[in-house]
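Asks: This is structure38.cif, which holds mmCIF, C-alpha atoms:
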```
data_my_file
loop_
_atom_site.label_atom_id
_atom_site.label_comp_id
_atom_site.auth_asym_id
_atom_site.auth_seq_id
_atom_site.Cartn_x
_atom_site.Cartn_y
_atom_site.Cartn_z
CA MET L 15 0.00 0.00 0.00
CA ALA L 16 2.84 2.35 0.83
CA ALA L 17 4.45 1.59 -2.51
CA SER L 18 1.29 2.37 -4.39
CA ALA L 19 0.93 5.73 -2.57
CA GLY L 20 4.48 6.67 -3.55
CA PHE L 21 3.84 5.51 -7.11
CA LEU L 22 0.70 7.67 -7.35
CA ARG L 23 2.56 10.67 -5.99
CA VAL L 24 5.27 10.36 -8.65
CA TRP L 25 2.74 10.02 -11.49
CA LYS L 26 0.70 12.92 -10.11
CA GLN L 27 3.76 15.17 -10.23
CA ARG L 28 4.55 14.04 -13.76
CA LEU L 29 1.00 14.58 -14.99
CA ASN L 30 0.57 18.00 -13.42
CA LEU L 31 4.06 18.99 -14.45
CA GLY L 32 4.11 21.56 -11.61
CA VAL L 33 4.65 25.29 -12.09
CA PRO L 34 8.43 25.18 -12.66
CA ALA L 35 8.10 22.46 -15.27
CA ARG L 36 5.41 24.38 -17.19
CA ARG L 37 7.49 27.55 -17.19
CA ALA L 38 10.48 25.67 -18.51
CA PHE L 39 8.38 24.04 -21.24
CA TRP L 40 6.52 27.16 -22.46
CA GLY L 41 9.22 29.66 -21.60
CA GLN L 42 11.54 28.45 -24.32
CA TRP L 43 9.52 30.34 -26.97
CA ARG L 44 9.32 33.59 -25.00
CA LYS L 45 11.71 36.35 -25.81
CA LYS L 46 14.14 37.19 -23.11
CA PRO L 47 13.90 40.75 -21.70
CA GLU L 48 17.21 41.75 -23.28
CA GLU L 49 16.04 40.46 -26.68
CA LEU L 50 12.97 42.75 -26.75
CA GLU L 51 13.31 45.39 -29.39
CA ALA L 52 12.62 49.00 -28.52
CA THR L 53 9.71 49.97 -30.72
CA GLU L 54 9.19 53.59 -31.61
CA PRO L 55 5.73 54.98 -32.23
CA ALA L 56 4.68 55.24 -35.87
CA VAL L 57 3.76 58.90 -35.41
CA PRO L 58 6.37 60.98 -33.58
CA VAL L 59 4.91 62.47 -30.43
CA GLU L 60 5.60 66.17 -30.10
CA LYS L 61 6.04 67.52 -26.64
CA GLN L 62 3.40 70.10 -25.89
CA PRO L 63 4.60 73.32 -24.28
CA VAL L 64 3.72 73.83 -20.66
CA LEU L 65 0.60 75.94 -20.43
CA VAL L 66 1.00 79.10 -18.44
CA CYS L 67 -2.00 80.87 -17.01
CA PRO L 68 -2.57 84.04 -19.03
CA PRO L 69 -2.87 87.35 -17.22
CA PRO L 70 -6.41 88.36 -16.28
CA ARG L 71 -8.24 89.90 -19.18
CA SER L 72 -9.09 93.54 -18.87
CA ARG L 73 -12.78 94.28 -19.15
CA LYS L 74 -12.20 97.98 -19.65
CA TYR L 75 -14.10 99.42 -22.61
CA LEU L 76 -14.36 102.98 -23.82
CA PRO L 77 -16.84 103.44 -26.65
CA PRO L 78 -15.45 105.10 -29.78
CA LYS L 79 -16.87 108.48 -30.76
CA ASP L 80 -18.20 107.17 -34.06
CA ILE L 81 -20.02 104.14 -32.59
CA GLN L 82 -23.35 105.16 -34.10
CA SER L 83 -22.00 105.45 -37.64
CA ARG L 84 -20.06 102.17 -37.31
CA LEU L 85 -23.15 100.35 -36.09
CA GLU L 86 -25.30 101.84 -38.84
CA ALA L 87 -22.78 100.72 -41.47
CA ARG L 88 -22.74 97.17 -40.07
CA VAL L 89 -26.54 97.02 -39.91
CA ARG L 90 -26.86 98.16 -43.53
CA GLU L 91 -24.18 95.68 -44.59
CA ILE L 92 -25.83 92.70 -42.86
CA PHE L 93 -29.54 93.49 -43.22
CA GLY L 94 -29.27 95.06 -46.68
CA SER L 95 -29.59 98.63 -47.86
CA SER L 96 -33.39 98.42 -48.03
CA ILE L 97 -33.67 99.38 -44.35
CA SER L 98 -35.72 102.48 -43.66
CA LYS L 99 -34.30 105.69 -42.19
CA ASP L 100 -35.14 104.47 -38.72
CA TRP L 101 -32.42 101.80 -38.72
CA GLN L 102 -32.30 101.65 -34.91
CA GLN L 103 -35.72 99.99 -34.77
CA VAL L 104 -34.64 96.98 -36.84
CA SER L 105 -35.62 93.81 -35.03
CA LEU L 106 -33.00 91.18 -34.21
CA GLY L 107 -35.50 88.32 -34.24
CA GLU L 108 -33.63 86.17 -36.74
CA SER L 109 -30.82 84.40 -34.88
CA LYS L 110 -28.36 84.16 -37.78
CA LEU L 111 -28.49 87.89 -38.51
CA LYS L 112 -28.25 88.73 -34.81
CA TYR L 113 -25.19 86.48 -34.49
CA CYS L 114 -23.52 88.00 -37.57
CA LEU L 115 -24.07 91.53 -36.30
CA LEU L 116 -22.88 90.89 -32.76
CA ALA L 117 -19.88 88.80 -33.85
CA GLN L 118 -18.66 91.48 -36.26
CA LEU L 119 -19.12 94.23 -33.69
CA ALA L 120 -17.26 92.20 -31.06
CA GLU L 121 -14.37 91.72 -33.46
CA ASP L 122 -14.29 95.37 -34.53
CA LEU L 123 -14.63 96.91 -31.08
CA GLY L 124 -12.92 94.27 -28.95
CA HIS L 125 -15.91 94.10 -26.60
CA ALA L 126 -18.42 91.26 -26.82
CA VAL L 127 -21.94 91.07 -25.47
CA PRO L 128 -21.87 88.60 -22.54
CA ASN L 129 -24.08 85.52 -22.67
CA SER L 130 -26.21 86.81 -19.82
CA ARG L 131 -27.22 89.86 -21.88
CA LEU L 132 -27.84 88.24 -25.28
CA HIS L 133 -31.56 87.80 -24.64
CA GLN L 134 -31.88 91.55 -24.01
CA MET L 135 -30.65 92.43 -27.51
CA LYS L 136 -33.99 92.57 -29.31
CA SER L 137 -33.39 95.54 -31.59
CA VAL L 138 -30.45 97.52 -32.92
CA SER L 139 -31.19 100.28 -30.40
CA ASP L 140 -30.48 97.79 -27.58
CA VAL L 141 -27.14 96.94 -29.19
CA LEU L 142 -26.33 100.64 -29.55
CA ALA L 143 -27.15 101.28 -25.88
CA PHE L 144 -24.87 98.39 -24.86
CA TYR L 145 -21.94 99.58 -26.95
CA LYS L 146 -22.36 103.22 -25.82
CA THR L 147 -21.93 102.25 -22.18
CA PRO L 148 -18.32 102.48 -20.94
CA VAL L 149 -16.99 99.70 -18.70
CA LYS L 150 -14.49 100.39 -15.92
CA ASP L 151 -12.04 97.74 -14.77
CA VAL L 152 -11.76 99.05 -11.24
CA SER L 153 -13.15 97.55 -8.04
CA LYS L 154 -15.26 99.55 -5.60
CA PHE L 155 -12.42 99.54 -3.07
CA ASP L 156 -10.06 101.08 -5.61
CA GLU L 157 -12.64 103.76 -6.39
CA LEU L 158 -13.03 104.55 -2.69
CA SER L 159 -9.28 104.86 -2.22
CA THR L 160 -9.02 107.53 -4.92
CA GLN L 161 -12.01 109.59 -3.73
CA GLU L 162 -12.02 112.31 -1.12
CA LEU L 163 -13.84 110.80 1.86
CA PRO L 164 -15.75 112.80 4.49
CA PRO L 165 -13.87 113.30 7.78
CA ASN L 166 -16.19 110.97 9.72
CA LEU L 167 -15.55 108.02 7.38
CA ARG L 168 -12.37 105.98 7.59
CA ILE L 169 -11.43 102.80 5.76
CA ARG L 170 -9.00 100.34 7.33
CA TRP L 171 -7.05 98.71 4.55
CA GLU L 172 -4.91 96.53 6.86
CA TYR L 173 -7.43 94.15 8.38
#
```
If you convert what's in this file into structure tokens, what do you get?

Replies:
Amino acid sequence: MAASAGFLRVWKQRLNLGVPARRAFWGQWRKKPEELEATEPAVPVEKQPVLVCPPPRSRKYLPPKDIQSRLEARVREIFGSSISKDWQQVSLGESKLKYCLLAQLAEDLGHAVPNSRLHQMKSVSDVLAFYKTPVKDVSKFDELSTQELPPNLRIRWEY
């Protein structure tokens, strides 16, 4: 009985081949680590420059003196010359024409209508009112520091 148990153990090891035996058998077809070829990508990868945060954009806007004539010229160019003398009452109901007008004005003047105000631009007079309004790039604290304050009012800047 003891001989048969030993015999079974030997055959079991031979049939299972164990982990080291399997590696030796299948490992002969594997490439060795030093034999691996260094493959280069088909398309050369260009290193992208490191992105640097741009300086904060100035929102300052001073309307040009000839804003009305510029706007009238753009309106006549986009909507056609068949517009009546009252060109400021032209409706901006059609989205494509409204986009063309506002995009060209933003490019020309360097001041775009913000998304939150687009729905308010219903006629050319609304656009004219927007572009006539100057925009200051100064905070309220900066304004207070430059003004002459009454003697009973003091601002502590070092808090």

Asks: Given the file shown, determine the residues that the PyMOL selection byres ((chain L and resi 126) around 12) selects; report them as an MDAnalysis selection string.

Replies: chainID L and resid 73:75 113 115:125 127:132 141 144:145 149

Asks: Please evaluate the PyMOL selection byres ((chain L and resi 78-82) around 8) against the structure above and give the resulting residues as a PyMOL selection string.

Replies: chain L and resi 76-77+83-86+142+145-146

Asks: By how many Å are atom CA of Asp140 of chain L and atom CA of Ile92 of chain L apart?

Replies: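 Distance reported for this atom pair: 16.8 Å.
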
Asks: Could you work out an axis-aligned bounding box for all listed atoms of segment 101-108 of chain L, with 5 Å added on each of the six sides, and give its centre and edge lengths in Å to one decimal, as lines of an AutoDock Vina configuration file?

Replies:
```
center_x = -34.0
center_y = 94.0
center_z = -36.5
size_x = 13.4
size_y = 25.6
size_z = 14.5
```

Asks: Spell out the residues picked by the PyMOL selection byres ((chain L and resi 95-104) around 8) here, as a CSV table (one decimal) with C-alpha atoms, in the coordinates of the input.

Replies:
```csv
chain,number,residue,atom,x,y,z
L,86,GLU,CA,-25.3,101.8,-38.8
L,89,VAL,CA,-26.5,97.0,-39.9
L,90,ARG,CA,-26.9,98.2,-43.5
L,91,GLU,CA,-24.2,95.7,-44.6
L,93,PHE,CA,-29.5,93.5,-43.2
L,94,GLY,CA,-29.3,95.1,-46.7
L,105,SER,CA,-35.6,93.8,-35.0
L,106,LEU,CA,-33.0,91.2,-34.2
L,137,SER,CA,-33.4,95.5,-31.6
L,138,VAL,CA,-30.4,97.5,-32.9
L,139,SER,CA,-31.2,100.3,-30.4
```
